[in-house]
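Dropping start-v7.txt in here (compact mmCIF, C-alpha atoms):
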```
# COMPACT_ATOMS: atom_id res chain seq x y z
CA MET A 20 3.67 53.60 13.02
CA GLU A 21 5.73 50.66 11.91
CA PRO A 22 4.22 48.14 9.56
CA THR A 23 3.90 44.70 11.06
CA VAL A 24 5.73 41.95 9.29
CA SER A 25 4.04 38.61 8.92
CA PHE A 26 5.59 35.44 7.56
CA PHE A 27 2.20 33.92 7.04
CA SER A 28 -0.39 34.90 4.47
CA GLY A 29 -3.84 33.52 3.93
CA PHE A 30 -4.93 31.02 1.34
CA ALA A 31 -5.28 32.91 -1.94
CA PRO A 32 -6.95 31.89 -5.21
CA LYS A 33 -3.57 31.62 -6.93
CA ASP A 34 -2.66 28.88 -4.47
CA LEU A 35 -5.38 26.78 -6.06
CA LEU A 36 -3.40 27.03 -9.29
CA PHE A 37 -0.31 25.88 -7.43
CA LEU A 38 -2.20 22.88 -6.06
CA GLY A 39 -3.66 22.17 -9.48
CA GLU A 40 -0.22 22.10 -11.09
CA ALA A 41 0.99 19.78 -8.35
CA ALA A 42 -2.01 17.52 -8.92
CA LEU A 43 -1.06 17.36 -12.62
CA ARG A 44 2.47 16.36 -11.62
CA THR A 45 1.00 13.59 -9.44
CA MET A 46 -1.04 12.39 -12.43
CA TRP A 47 1.93 12.60 -14.78
CA ILE A 48 4.34 10.60 -12.64
CA SER A 49 1.61 8.02 -11.90
CA VAL A 50 0.53 7.56 -15.51
CA LEU A 51 4.13 7.25 -16.68
CA SER A 52 5.14 4.71 -14.03
CA ILE A 53 1.94 2.70 -14.23
CA SER A 54 2.02 2.34 -18.02
CA ILE A 55 5.70 1.37 -18.27
CA GLY A 56 5.45 -0.75 -15.13
CA THR A 57 2.43 -2.63 -16.43
CA VAL A 58 4.16 -3.56 -19.68
CA LEU A 59 7.25 -4.71 -17.76
CA GLY A 60 5.08 -6.50 -15.23
CA VAL A 61 3.22 -8.46 -17.89
CA VAL A 62 6.54 -9.58 -19.35
CA PHE A 63 7.76 -10.61 -15.90
CA GLY A 64 4.47 -12.40 -15.26
CA TRP A 65 4.90 -14.36 -18.47
CA ILE A 66 8.49 -15.22 -17.47
CA LEU A 67 7.28 -16.36 -14.05
CA TYR A 68 4.67 -18.58 -15.69
CA GLU A 69 6.84 -20.06 -18.42
CA GLY A 70 10.14 -20.05 -16.54
CA LYS A 71 8.98 -22.66 -14.01
CA TRP A 72 11.70 -23.35 -11.42
CA ALA A 73 14.36 -21.30 -13.22
CA ALA A 74 12.25 -18.16 -12.84
CA ALA A 75 11.25 -19.14 -9.31
CA LEU A 76 14.93 -19.11 -8.37
CA THR A 77 15.95 -15.92 -10.20
CA VAL A 78 13.24 -13.42 -11.15
CA ALA A 79 10.76 -14.16 -8.36
CA PRO A 80 13.05 -13.38 -5.38
CA ILE A 81 14.24 -10.15 -7.02
CA LEU A 82 10.68 -8.95 -7.62
CA ASP A 83 9.85 -10.04 -4.08
CA VAL A 84 12.41 -7.61 -2.65
CA PHE A 85 10.50 -4.66 -4.08
CA ARG A 86 7.36 -5.84 -2.33
CA SER A 87 9.09 -6.48 1.01
CA VAL A 88 10.92 -3.17 1.47
CA PRO A 89 8.99 0.05 2.12
CA LEU A 90 8.68 2.18 -1.01
CA ILE A 91 10.05 5.20 0.80
CA ILE A 92 13.26 3.30 1.65
CA GLN A 93 13.56 2.15 -1.97
CA LEU A 94 13.22 5.75 -3.17
CA VAL A 95 15.85 7.15 -0.79
CA LEU A 96 18.16 4.23 -1.49
CA PHE A 97 17.95 4.53 -5.27
CA TYR A 98 18.20 8.32 -5.23
CA ASN A 99 21.45 8.06 -3.26
CA PHE A 100 22.72 5.03 -5.14
CA ALA A 101 22.43 6.48 -8.64
CA PRO A 102 25.26 9.04 -8.23
CA ILE A 103 27.54 6.27 -6.91
CA VAL A 104 27.38 4.49 -10.25
CA GLY A 105 27.68 7.77 -12.11
CA LEU A 106 24.04 8.44 -12.94
CA ASN A 107 22.77 11.91 -12.26
CA LEU A 108 19.03 11.56 -11.90
CA ASP A 109 16.69 14.27 -10.74
CA PRO A 110 13.98 13.42 -8.20
CA PHE A 111 11.40 12.95 -10.96
CA ALA A 112 13.51 10.43 -12.88
CA SER A 113 14.43 8.51 -9.73
CA GLY A 114 10.80 8.47 -8.71
CA VAL A 115 9.69 7.14 -12.10
CA VAL A 116 12.35 4.41 -12.08
CA ILE A 117 11.44 3.11 -8.63
CA LEU A 118 7.67 3.47 -9.07
CA THR A 119 7.96 1.63 -12.40
CA ILE A 120 9.89 -1.29 -10.89
CA TYR A 121 7.50 -1.32 -7.93
CA THR A 122 4.49 -1.44 -10.28
CA ALA A 123 6.14 -4.16 -12.36
CA SER A 124 6.78 -6.32 -9.29
CA LEU A 125 3.11 -6.07 -8.31
CA VAL A 126 1.73 -6.50 -11.83
CA ALA A 127 3.95 -9.56 -12.43
CA ASN A 128 1.96 -11.56 -9.88
CA VAL A 129 -1.34 -10.28 -11.27
CA ALA A 130 -0.29 -11.18 -14.82
CA ARG A 131 0.83 -14.67 -13.82
CA GLY A 132 -2.52 -15.16 -12.10
CA GLY A 133 -4.19 -14.08 -15.33
CA ILE A 134 -2.32 -16.64 -17.41
CA GLU A 135 -3.12 -19.35 -14.85
CA ALA A 136 -6.79 -18.37 -14.96
CA VAL A 137 -7.04 -19.62 -18.55
CA GLN A 138 -7.85 -23.31 -18.60
CA PRO A 139 -5.10 -25.46 -20.17
CA SER A 140 -7.73 -27.32 -22.22
CA MET A 141 -8.74 -24.03 -23.84
CA ARG A 142 -5.16 -23.31 -24.82
CA ARG A 143 -4.65 -26.82 -26.15
CA ALA A 144 -7.80 -26.41 -28.20
CA ALA A 145 -6.44 -23.17 -29.65
CA ARG A 146 -3.14 -24.80 -30.52
CA SER A 147 -4.87 -27.80 -32.11
CA LEU A 148 -6.88 -25.41 -34.29
CA GLY A 149 -3.56 -24.42 -35.79
CA MET A 150 -2.80 -21.27 -33.81
CA SER A 151 0.85 -20.57 -33.11
CA TYR A 152 2.08 -20.08 -29.53
CA TRP A 153 1.97 -16.30 -29.90
CA GLN A 154 -1.45 -16.33 -31.54
CA ASP A 155 -2.68 -18.40 -28.63
CA LEU A 156 -1.24 -15.85 -26.18
CA ARG A 157 -2.60 -12.88 -28.11
CA HIS A 158 -6.07 -14.11 -29.04
CA VAL A 159 -6.92 -16.57 -26.25
CA VAL A 160 -4.89 -15.89 -23.09
CA LEU A 161 -4.93 -12.08 -23.28
CA PRO A 162 -8.71 -11.60 -23.58
CA ILE A 163 -9.70 -14.33 -21.10
CA GLY A 164 -6.90 -13.94 -18.55
CA GLY A 165 -6.88 -10.16 -18.87
CA ARG A 166 -10.55 -10.03 -18.07
CA ALA A 167 -10.07 -12.26 -15.02
CA VAL A 168 -7.43 -10.03 -13.46
CA PHE A 169 -8.49 -6.60 -14.71
CA PRO A 170 -10.04 -5.59 -11.36
CA ALA A 171 -6.87 -6.69 -9.55
CA TRP A 172 -4.80 -4.60 -11.96
CA VAL A 173 -6.98 -1.56 -11.31
CA GLY A 174 -6.32 -2.06 -7.60
CA VAL A 175 -2.57 -2.12 -8.23
CA ALA A 176 -2.71 0.97 -10.45
CA LEU A 177 -4.71 2.96 -7.89
CA GLY A 178 -2.32 1.82 -5.18
CA VAL A 179 0.65 3.12 -7.16
CA MET A 180 -1.18 6.41 -7.83
CA LYS A 181 -1.64 6.86 -4.08
CA ASP A 182 1.92 5.73 -3.31
CA SER A 183 3.30 8.28 -5.78
CA ALA A 184 2.81 10.74 -2.90
CA LEU A 185 5.97 9.25 -1.40
CA VAL A 186 8.15 10.69 -4.16
CA SER A 187 7.81 13.93 -2.21
CA VAL A 188 10.53 12.58 0.08
CA LEU A 189 13.03 13.22 -2.75
CA GLY A 190 11.82 16.79 -3.10
CA TYR A 191 9.53 16.31 -6.10
CA VAL A 192 6.66 18.73 -5.63
CA GLU A 193 3.60 16.58 -6.20
CA LEU A 194 0.22 17.19 -4.63
CA LEU A 195 1.00 16.27 -1.01
CA LYS A 196 4.34 18.08 -1.01
CA ALA A 197 2.64 21.16 -2.47
CA SER A 198 0.00 21.08 0.24
CA GLN A 199 2.71 20.74 2.86
CA ILE A 200 4.42 23.83 1.45
CA LEU A 201 1.15 25.75 1.48
CA ILE A 202 0.38 24.63 5.03
CA THR A 203 3.71 25.99 6.22
CA ARG A 204 2.95 29.35 4.63
CA THR A 205 -0.77 29.79 5.27
CA GLN A 206 -1.15 27.87 8.54
CA GLU A 207 -4.46 26.53 7.30
CA PRO A 208 -3.82 22.78 7.38
CA PHE A 209 -7.42 21.64 7.48
CA LEU A 210 -8.59 23.45 4.35
CA ILE A 211 -5.56 22.52 2.27
CA LEU A 212 -5.42 18.88 3.35
CA THR A 213 -9.13 18.54 2.62
CA LEU A 214 -8.54 19.86 -0.90
CA ALA A 215 -5.64 17.46 -1.49
CA GLY A 216 -7.54 14.51 -0.04
CA ALA A 217 -10.60 15.36 -2.12
CA PHE A 218 -8.49 15.23 -5.28
CA TYR A 219 -7.11 11.77 -4.53
CA PHE A 220 -10.56 10.57 -3.50
CA ALA A 221 -12.25 11.98 -6.60
CA LEU A 222 -9.72 10.17 -8.76
CA SER A 223 -9.62 6.86 -6.93
CA TYR A 224 -13.19 6.30 -5.76
CA PRO A 225 -15.05 6.29 -9.11
CA ILE A 226 -12.41 4.07 -10.72
CA SER A 227 -12.46 1.54 -7.90
CA ARG A 228 -16.27 1.51 -7.94
CA TYR A 229 -16.23 0.99 -11.70
CA ALA A 230 -13.76 -1.91 -11.36
CA ALA A 231 -15.88 -3.49 -8.63
CA SER A 232 -19.03 -3.26 -10.77
CA LEU A 233 -17.18 -4.78 -13.74
CA GLU A 234 -16.03 -7.62 -11.49
CA ARG A 235 -19.60 -8.29 -10.40
CA LYS A 236 -20.85 -8.16 -13.97
CA TRP A 237 -18.19 -10.53 -15.26
CA ALA A 238 -18.65 -12.92 -12.35
CA GLN A 239 -22.16 -13.73 -13.56
CA MET B 8 32.89 3.67 -12.11
CA PHE B 9 32.95 3.29 -8.35
CA ASP B 10 34.26 6.63 -7.21
CA TYR B 11 32.74 6.19 -3.82
CA ASN B 12 34.10 4.78 -0.59
CA PHE B 13 31.59 2.76 1.33
CA HIS B 14 31.81 3.29 5.06
CA TRP B 15 29.97 0.61 6.93
CA ARG B 16 31.57 1.17 10.33
CA PRO B 17 29.23 3.95 11.57
CA VAL B 18 26.26 1.83 10.49
CA MET B 19 27.54 -1.18 12.38
CA LYS B 20 28.14 0.99 15.43
CA SER B 21 24.54 2.17 15.46
CA LEU B 22 23.09 -1.21 14.56
CA PRO B 23 21.84 -1.83 18.14
CA ASP B 24 19.93 1.46 17.98
CA LEU B 25 18.47 0.51 14.62
CA LEU B 26 17.33 -2.87 15.91
CA GLU B 27 15.74 -1.21 18.91
CA ALA B 28 13.92 1.12 16.52
CA ALA B 29 12.84 -1.94 14.54
CA LEU B 30 11.16 -3.23 17.69
CA LEU B 31 9.30 0.09 17.92
CA THR B 32 8.21 -0.37 14.29
CA LEU B 33 6.91 -3.83 15.10
CA GLN B 34 5.17 -2.56 18.22
CA VAL B 35 3.30 0.17 16.35
CA ALA B 36 2.37 -2.21 13.54
CA VAL B 37 1.07 -4.90 15.91
CA LEU B 38 -0.94 -2.39 17.97
CA ALA B 39 -2.38 -0.85 14.80
CA MET B 40 -3.35 -4.32 13.58
CA ILE B 41 -5.05 -5.26 16.87
CA PHE B 42 -7.09 -2.04 16.89
CA GLY B 43 -7.59 -2.34 13.14
CA ILE B 44 -9.03 -5.85 13.41
CA ILE B 45 -11.43 -4.86 16.21
CA ILE B 46 -12.60 -1.69 14.46
CA GLY B 47 -12.63 -3.36 11.05
CA LEU B 48 -14.86 -6.12 12.39
CA CYS B 49 -17.27 -3.53 13.80
CA LEU B 50 -17.27 -1.57 10.51
CA ALA B 51 -17.97 -4.70 8.48
CA LEU B 52 -20.84 -5.81 10.74
CA ILE B 53 -22.33 -2.30 10.71
CA ARG B 54 -22.17 -2.13 6.91
CA LEU B 55 -23.79 -5.55 6.60
CA ASN B 56 -26.54 -5.29 9.21
CA MET B 57 -27.47 -1.68 9.83
CA ARG B 58 -29.11 1.26 8.13
CA GLY B 59 -28.99 4.96 8.89
CA PRO B 60 -26.24 7.33 9.99
CA LEU B 61 -24.04 4.65 11.58
CA ARG B 62 -23.85 2.76 8.31
CA TRP B 63 -23.06 5.97 6.46
CA LEU B 64 -20.26 6.70 8.93
CA ALA B 65 -18.79 3.21 8.52
CA SER B 66 -18.94 3.44 4.71
CA THR B 67 -17.27 6.86 4.76
CA TRP B 68 -14.50 5.52 6.97
CA VAL B 69 -13.86 2.54 4.70
CA GLU B 70 -13.93 4.54 1.45
CA LEU B 71 -11.72 7.32 2.83
CA ALA B 72 -9.17 4.83 4.14
CA ARG B 73 -9.07 2.95 0.85
CA ASN B 74 -9.13 5.85 -1.58
CA THR B 75 -6.61 8.32 -0.18
CA PRO B 76 -2.84 7.87 0.27
CA ALA B 77 -1.69 6.55 3.64
CA LEU B 78 0.66 9.52 3.84
CA PHE B 79 -2.30 11.87 3.48
CA GLN B 80 -4.00 10.09 6.37
CA LEU B 81 -0.90 10.51 8.53
CA PHE B 82 -0.68 14.20 7.63
CA PHE B 83 -4.30 14.58 8.51
CA PHE B 84 -3.80 13.12 11.97
CA GLY B 85 -0.66 15.24 12.26
CA PHE B 86 -1.39 18.71 10.88
CA GLY B 87 -5.12 18.40 10.22
CA LEU B 88 -6.10 17.74 13.82
CA GLY B 89 -3.60 20.39 14.86
CA ALA B 90 -5.95 22.92 13.31
CA PHE B 91 -8.47 22.04 16.02
CA GLY B 92 -5.85 22.40 18.73
CA LEU B 93 -5.43 18.66 19.05
CA HIS B 94 -1.71 17.94 18.91
CA LEU B 95 -0.78 14.26 18.89
CA SER B 96 2.70 12.96 19.56
CA PRO B 97 4.49 11.43 16.55
CA TYR B 98 3.87 7.99 18.03
CA MET B 99 0.14 8.65 18.29
CA ILE B 100 0.01 10.14 14.77
CA VAL B 101 1.49 6.98 13.28
CA LEU B 102 -0.61 4.67 15.43
CA ALA B 103 -3.84 6.55 14.66
CA GLY B 104 -3.05 6.78 10.94
CA LEU B 105 -2.15 3.11 10.62
CA THR B 106 -5.19 2.01 12.64
CA PHE B 107 -7.48 4.15 10.49
CA ASN B 108 -5.97 2.69 7.31
CA CYS B 109 -5.86 -0.95 8.46
CA ALA B 110 -9.42 -0.84 9.82
CA GLY B 111 -10.69 0.41 6.44
CA TYR B 112 -8.92 -2.26 4.40
CA LEU B 113 -9.71 -5.07 6.85
CA ALA B 114 -13.39 -4.08 6.98
CA GLU B 115 -13.69 -4.82 3.26
CA ASN B 116 -11.98 -8.20 3.74
CA PHE B 117 -14.25 -9.09 6.67
CA ARG B 118 -17.32 -8.07 4.70
CA GLY B 119 -16.30 -10.40 1.89
CA GLY B 120 -15.69 -13.14 4.46
CA PHE B 121 -19.11 -12.76 6.05
CA GLN B 122 -20.83 -12.70 2.68
CA ALA B 123 -19.07 -15.92 1.72
CA VAL B 124 -20.86 -17.83 4.50
CA PRO B 125 -24.37 -18.63 3.23
CA ASP B 126 -27.36 -17.50 5.32
CA THR B 127 -28.78 -21.00 5.15
CA GLN B 128 -26.04 -22.21 7.48
CA ILE B 129 -27.19 -19.81 10.19
CA ARG B 130 -30.76 -20.92 9.71
CA ALA B 131 -29.71 -24.57 9.80
CA SER B 132 -27.74 -24.11 13.02
CA ARG B 133 -30.61 -22.16 14.59
CA SER B 134 -33.05 -24.93 13.71
CA LEU B 135 -30.68 -27.40 15.36
CA GLY B 136 -31.31 -25.50 18.58
CA MET B 137 -28.28 -23.21 18.71
CA THR B 138 -28.70 -19.68 20.01
CA ALA B 139 -27.80 -16.79 17.68
CA TRP B 140 -24.57 -16.29 19.64
CA GLN B 141 -23.65 -19.97 19.32
CA ALA B 142 -24.41 -19.95 15.61
CA TYR B 143 -22.15 -16.96 15.12
CA THR B 144 -19.23 -18.08 17.26
CA ARG B 145 -19.25 -21.76 16.26
CA ILE B 146 -20.43 -21.75 12.65
CA VAL B 147 -19.85 -18.35 11.06
CA ILE B 148 -16.72 -16.97 12.72
CA PRO B 149 -14.48 -20.05 12.18
CA GLN B 150 -15.28 -20.03 8.48
CA VAL B 151 -14.80 -16.28 8.15
CA PHE B 152 -11.50 -16.54 10.00
CA ARG B 153 -10.23 -19.07 7.50
CA ILE B 154 -11.16 -16.77 4.61
CA VAL B 155 -9.64 -13.62 6.08
CA TYR B 156 -6.50 -15.26 7.49
CA HIS B 157 -4.33 -14.51 4.47
CA PRO B 158 -5.65 -10.98 3.95
CA ILE B 159 -4.87 -10.30 7.63
CA THR B 160 -1.31 -11.56 7.13
CA ASN B 161 -0.90 -9.32 4.10
CA GLN B 162 -2.30 -6.37 6.00
CA MET B 163 0.20 -7.02 8.80
CA VAL B 164 3.02 -6.82 6.26
CA TRP B 165 1.52 -3.62 4.87
CA ALA B 166 1.29 -2.17 8.36
CA VAL B 167 5.03 -2.75 8.90
CA LEU B 168 5.87 -1.23 5.53
CA MET B 169 3.50 1.70 6.04
CA SER B 170 4.93 2.52 9.46
CA SER B 171 8.03 3.72 7.57
CA LEU B 172 5.99 6.85 6.75
CA GLY B 173 6.59 7.78 10.39
CA MET B 174 9.88 9.18 9.10
CA LEU B 175 7.94 12.05 7.48
CA VAL B 176 6.07 13.03 10.65
CA GLY B 177 9.10 12.92 12.92
CA PHE B 178 8.56 9.51 14.47
CA ARG B 179 11.82 7.73 15.32
CA GLU B 180 10.87 4.19 14.34
CA LEU B 181 13.20 2.20 12.09
CA SER B 182 13.03 4.63 9.14
CA GLY B 183 13.01 7.76 11.28
CA GLU B 184 15.98 6.50 13.29
CA THR B 185 17.80 5.65 10.07
CA GLN B 186 17.23 9.11 8.69
CA PHE B 187 18.42 10.61 11.95
CA PHE B 188 21.72 8.69 11.82
CA ALA B 189 22.08 9.15 8.07
CA SER B 190 21.78 12.91 8.26
CA ARG B 191 24.26 13.00 11.14
CA THR B 192 26.95 10.99 9.37
CA PHE B 193 26.05 11.58 5.68
CA ARG B 194 26.40 7.83 5.02
CA ILE B 195 22.88 7.89 3.58
CA PHE B 196 23.22 4.97 1.20
CA GLU B 197 24.84 2.65 3.74
CA TYR B 198 22.28 3.36 6.44
CA PHE B 199 19.28 2.92 4.20
CA ALA B 200 20.72 -0.25 2.67
CA VAL B 201 20.99 -1.84 6.11
CA THR B 202 17.49 -0.64 6.98
CA ALA B 203 16.13 -2.18 3.78
CA VAL B 204 17.67 -5.51 4.83
CA ILE B 205 16.09 -5.22 8.30
CA TYR B 206 12.66 -4.56 6.78
CA TYR B 207 13.08 -7.49 4.41
CA VAL B 208 13.95 -9.80 7.31
CA ILE B 209 10.99 -8.56 9.38
CA VAL B 210 8.58 -9.15 6.49
CA LYS B 211 9.95 -12.63 5.84
CA LEU B 212 9.69 -13.49 9.54
CA ILE B 213 6.06 -12.39 9.62
CA LEU B 214 5.20 -14.40 6.51
CA GLY B 215 7.05 -17.46 7.83
CA ALA B 216 5.36 -17.28 11.22
CA SER B 217 1.99 -16.86 9.56
CA ARG B 218 2.56 -19.92 7.36
CA LEU B 219 3.65 -21.97 10.37
CA LEU B 220 0.60 -20.86 12.32
CA ALA B 221 -1.67 -21.66 9.37
CA THR B 222 -0.50 -25.28 9.21
CA ARG B 223 -1.30 -25.66 12.90
CA LEU B 224 -4.61 -23.80 12.77
CA PHE B 225 -6.06 -25.26 9.61
CA ARG B 226 -5.20 -28.93 9.95
CA TYR B 227 -8.72 -30.07 9.24
```
Encoded form using structure tokens:
Amino acid sequence: MEPTVSFFSGFAPKDLLFLGEAALRTMWISVLSISIGTVLGVVFGWILYEGKWAAALTVAPILDVFRSVPLIIQLVLFYNFAPIVGLNLDPFASGVVILTIYTASLVANVARGGIEAVQPSMRRAARSLGMSYWQDLRHVVLPIGGRAVFPAWVGVALGVMKDSALVSVLGYVELLKASQILITRTQEPFLILTLAGAFYFALSYPISRYAASLERKWAQ
Amino acid sequence: MFDYNFHWRPVMKSLPDLLEAALLTLQVAVLAMIFGIIIGLCLALIRLNMRGPLRWLASTWVELARNTPALFQLFFFGFGLGAFGLHLSPYMIVLAGLTFNCAGYLAENFRGGFQAVPDTQIRASRSLGMTAWQAYTRIVIPQVFRIVYHPITNQMVWAVLMSSLGMLVGFRELSGETQFFASRTFRIFEYFAVTAVIYYVIVKLILGASRLLATRLFRY
């Protein structure tokens, strides 16, 4: 009797490990892009606020492009553009670069909103107490403005975490790509997609609830 | 540095096809928004006024749509439903996924809009002799519409950008069509650059039209 050959095999416990590793990669690329992107975004936000019309003519339209073109197109474009100028980036590096710029373009608006949320009279008071410009930014604008836009920033960060799934288009095996690979092998799409979705949900839901409750608390 | 010859001719030759695909992108996005607004309105009203299983269902819908990646939602309508023998066409996958996502996000916006109109206004209009229906359509809805107008515009832009995920489920809208031509000619960078420009123009047109409409709608 000839043994039957099957290309498919059921979902095994070791596949959970595979998914877990992929989930860690999702976390890693998100954390990296969000943290660098936030720092860049705050700087851009400050430039947008202080630069007045000069920034409105230069920085603002450039940042706007990253919000007006689908992320997936940006990723493919950058991944294929890098070799043209002699950069050899792997999918992970390309993904981090684009996700970082994307985060920065979103955070820039949030940060500018934060600076605008601080009343000018408060800042003038700080300056007249003898604070320098940077002291005023550090000790007055950052705590007050940061608090005003913290929930919005959490929204941006969670959005980028979810959008990091798109880096799979470059071949980076993050959570969704890993589940796609497993689905092809095991033919059990429902189980695997539920697991992947549950991971994203378990990460995003508590944080967004926490941000919403903070917003309510601070609004009082 | 530039060791690469740009070939724009094949892109220009297939530009009519790309523009036709752009119309398909717009069509899916507009349909998803229409369904999304209707369903989102229902979800918001259910979450505000009802108790029991229906409210639980609406809350689950909203939280799932907001806390998982859009790509995951598309995969779910693609492969996930396939597990139950329900095979949707790529067009239906994208439409269903976008509608699910838009409805969830819009429901939250609508809920905020309804909560922003004080109850006392309804009571005042009722005591002036209006029926409940009149109070809703003449007092509450116009105010809510004003509040959610900009979020709806933003969501429309997001719907256009999100439809690019159709590329990953085999839907030949603007991105899918671009990938099809790019993989046939290997002019990946050129094709995606042109597509990025088309997306940018579409987004700007939507925002411009929305601004124009707003000045006519909200004159008072």
Cut-off 12 Å around (12.7, 3.5, -17.0) with only C-alpha atoms: residues as a PyMOL selection string: chain A and resi 48+51-59+108+111-123
Residues of chain A within 6 Å of chain B, using only C-alpha atoms, as a PDB file with C-alpha atoms, in the frame of the given file?
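Contents of the output file part_10.pdb:
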```pdb
ATOM      1  CA  SER A  87       9.090  -6.480   1.010  1.00  0.00           C
ATOM      2  CA  VAL A  88      10.920  -3.170   1.470  1.00  0.00           C
ATOM      3  CA  PRO A  89       8.990   0.050   2.120  1.00  0.00           C
ATOM      4  CA  LEU A  96      18.160   4.230  -1.490  1.00  0.00           C
ATOM      5  CA  ASN A  99      21.450   8.060  -3.260  1.00  0.00           C
ATOM      6  CA  VAL A 104      27.380   4.490 -10.250  1.00  0.00           C
ATOM      7  CA  LYS A 181      -1.640   6.860  -4.080  1.00  0.00           C
ATOM      8  CA  PRO A 208      -3.820  22.780   7.380  1.00  0.00           C
ATOM      9  CA  PHE A 209      -7.420  21.640   7.480  1.00  0.00           C
ATOM     10  CA  TYR A 219      -7.110  11.770  -4.530  1.00  0.00           C
ATOM     11  CA  PHE A 220     -10.560  10.570  -3.500  1.00  0.00           C
ATOM     12  CA  SER A 223      -9.620   6.860  -6.930  1.00  0.00           C
ATOM     13  CA  TYR A 224     -13.190   6.300  -5.760  1.00  0.00           C
TER      14      TYR A 224
END
```
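Taking atom CA of B:Leu48 and atom CA of B:Trp68 as the two end points, the separation is 12.8 Å.
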Long-range neighbours of A:Gly64 as an MDAnalysis selection string, 10 Å cut-off, all atoms listed in the file, 6 positions minimum in chain: chainID A and resid 58 70 74 78:79 123:134
Selection above as a file: C-alpha atoms, as a compact mmCIF listing (two decimals), in the coordinates of the input:
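Written output follows (again_24.txt):
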```txt
# COMPACT_ATOMS: atom_id res chain seq x y z
CA VAL A 58 4.16 -3.56 -19.68
CA GLY A 70 10.14 -20.05 -16.54
CA ALA A 74 12.25 -18.16 -12.84
CA VAL A 78 13.24 -13.42 -11.15
CA ALA A 79 10.76 -14.16 -8.36
CA ALA A 123 6.14 -4.16 -12.36
CA SER A 124 6.78 -6.32 -9.29
CA LEU A 125 3.11 -6.07 -8.31
CA VAL A 126 1.73 -6.50 -11.83
CA ALA A 127 3.95 -9.56 -12.43
CA ASN A 128 1.96 -11.56 -9.88
CA VAL A 129 -1.34 -10.28 -11.27
CA ALA A 130 -0.29 -11.18 -14.82
CA ARG A 131 0.83 -14.67 -13.82
CA GLY A 132 -2.52 -15.16 -12.10
CA GLY A 133 -4.19 -14.08 -15.33
CA ILE A 134 -2.32 -16.64 -17.41
```
Point-to-point distance in Å for atom CA of A:Leu222 and atom CA of B:Leu95: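 Atom-to-atom, atom CA of B:Leu95 and atom CA of A:Leu222 are spaced 29.3 Å apart.
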Minimum-distance residue to B:Met40, chosen among B:Val18, B:Ile146, B:Ala166, B:Val124 (using all atoms listed in the file):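 Selected residue with least distance to B:Met40: B:Ala166.
The coordinates place atom CA of B:Arg153 at 18.8 Å from atom CA of B:Thr127.
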Residues within 12 Å of (-17.8, -12.4, -15.0), file coords, all atoms listed in the file, listed as a count of residues only: 18
Surrounding residues of B:Asp24 excluding itself and chain neighbours under 5 positions, 12 Å, all atoms listed in the file, as number ranges by chain: B: 17-19, 29-31, 179-185, 187-188, 198, 202
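Minimum distance to B:Ile129 across B:Leu61, B:Ala51, B:Ala114, B:Val147 (counting all atoms listed in the file) occurs at B:Val147.
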Which residues are near stretch 155-158 of chain B? Cut-off 9 Å, only C-alpha atoms, ignore same chain within fewer than 3 positions. Put them as an mmCIF file with C-alpha atoms, in the coordinates of the input.
```
data_model
loop_
_atom_site.group_PDB
_atom_site.id
_atom_site.type_symbol
_atom_site.label_atom_id
_atom_site.label_comp_id
_atom_site.auth_asym_id
_atom_site.auth_seq_id
_atom_site.Cartn_x
_atom_site.Cartn_y
_atom_site.Cartn_z
ATOM 1 C CA LEU B 113 -9.710 -5.070 6.850
ATOM 2 C CA ASN B 116 -11.980 -8.200 3.740
ATOM 3 C CA PHE B 117 -14.250 -9.090 6.670
ATOM 4 C CA GLY B 119 -16.300 -10.400 1.890
ATOM 5 C CA GLY B 120 -15.690 -13.140 4.460
ATOM 6 C CA GLN B 150 -15.280 -20.030 8.480
ATOM 7 C CA VAL B 151 -14.800 -16.280 8.150
ATOM 8 C CA PHE B 152 -11.500 -16.540 10.000
ATOM 9 C CA ASN B 161 -0.900 -9.320 4.100
ATOM 10 C CA GLN B 162 -2.300 -6.370 6.000
ATOM 11 C CA MET B 163 0.200 -7.020 8.800
ATOM 12 C CA SER B 217 1.990 -16.860 9.560
ATOM 13 C CA ALA B 221 -1.670 -21.660 9.370
#
```
Check which residues of stretch 63-166 of chain B sit at most 8 Å from stretch 53-56 of chain B using only C-alpha atoms, and return one row each with the closest pair of atoms and their distance in Å to one decimal, ordered by chain and rising number, as CSV.
```
residue,atom,partner,partner_atom,distance
B:Ala65,CA,B:Arg54,CA,6.5
B:Ser66,CA,B:Arg54,CA,6.8
B:Arg118,CA,B:Leu55,CA,7.2
```
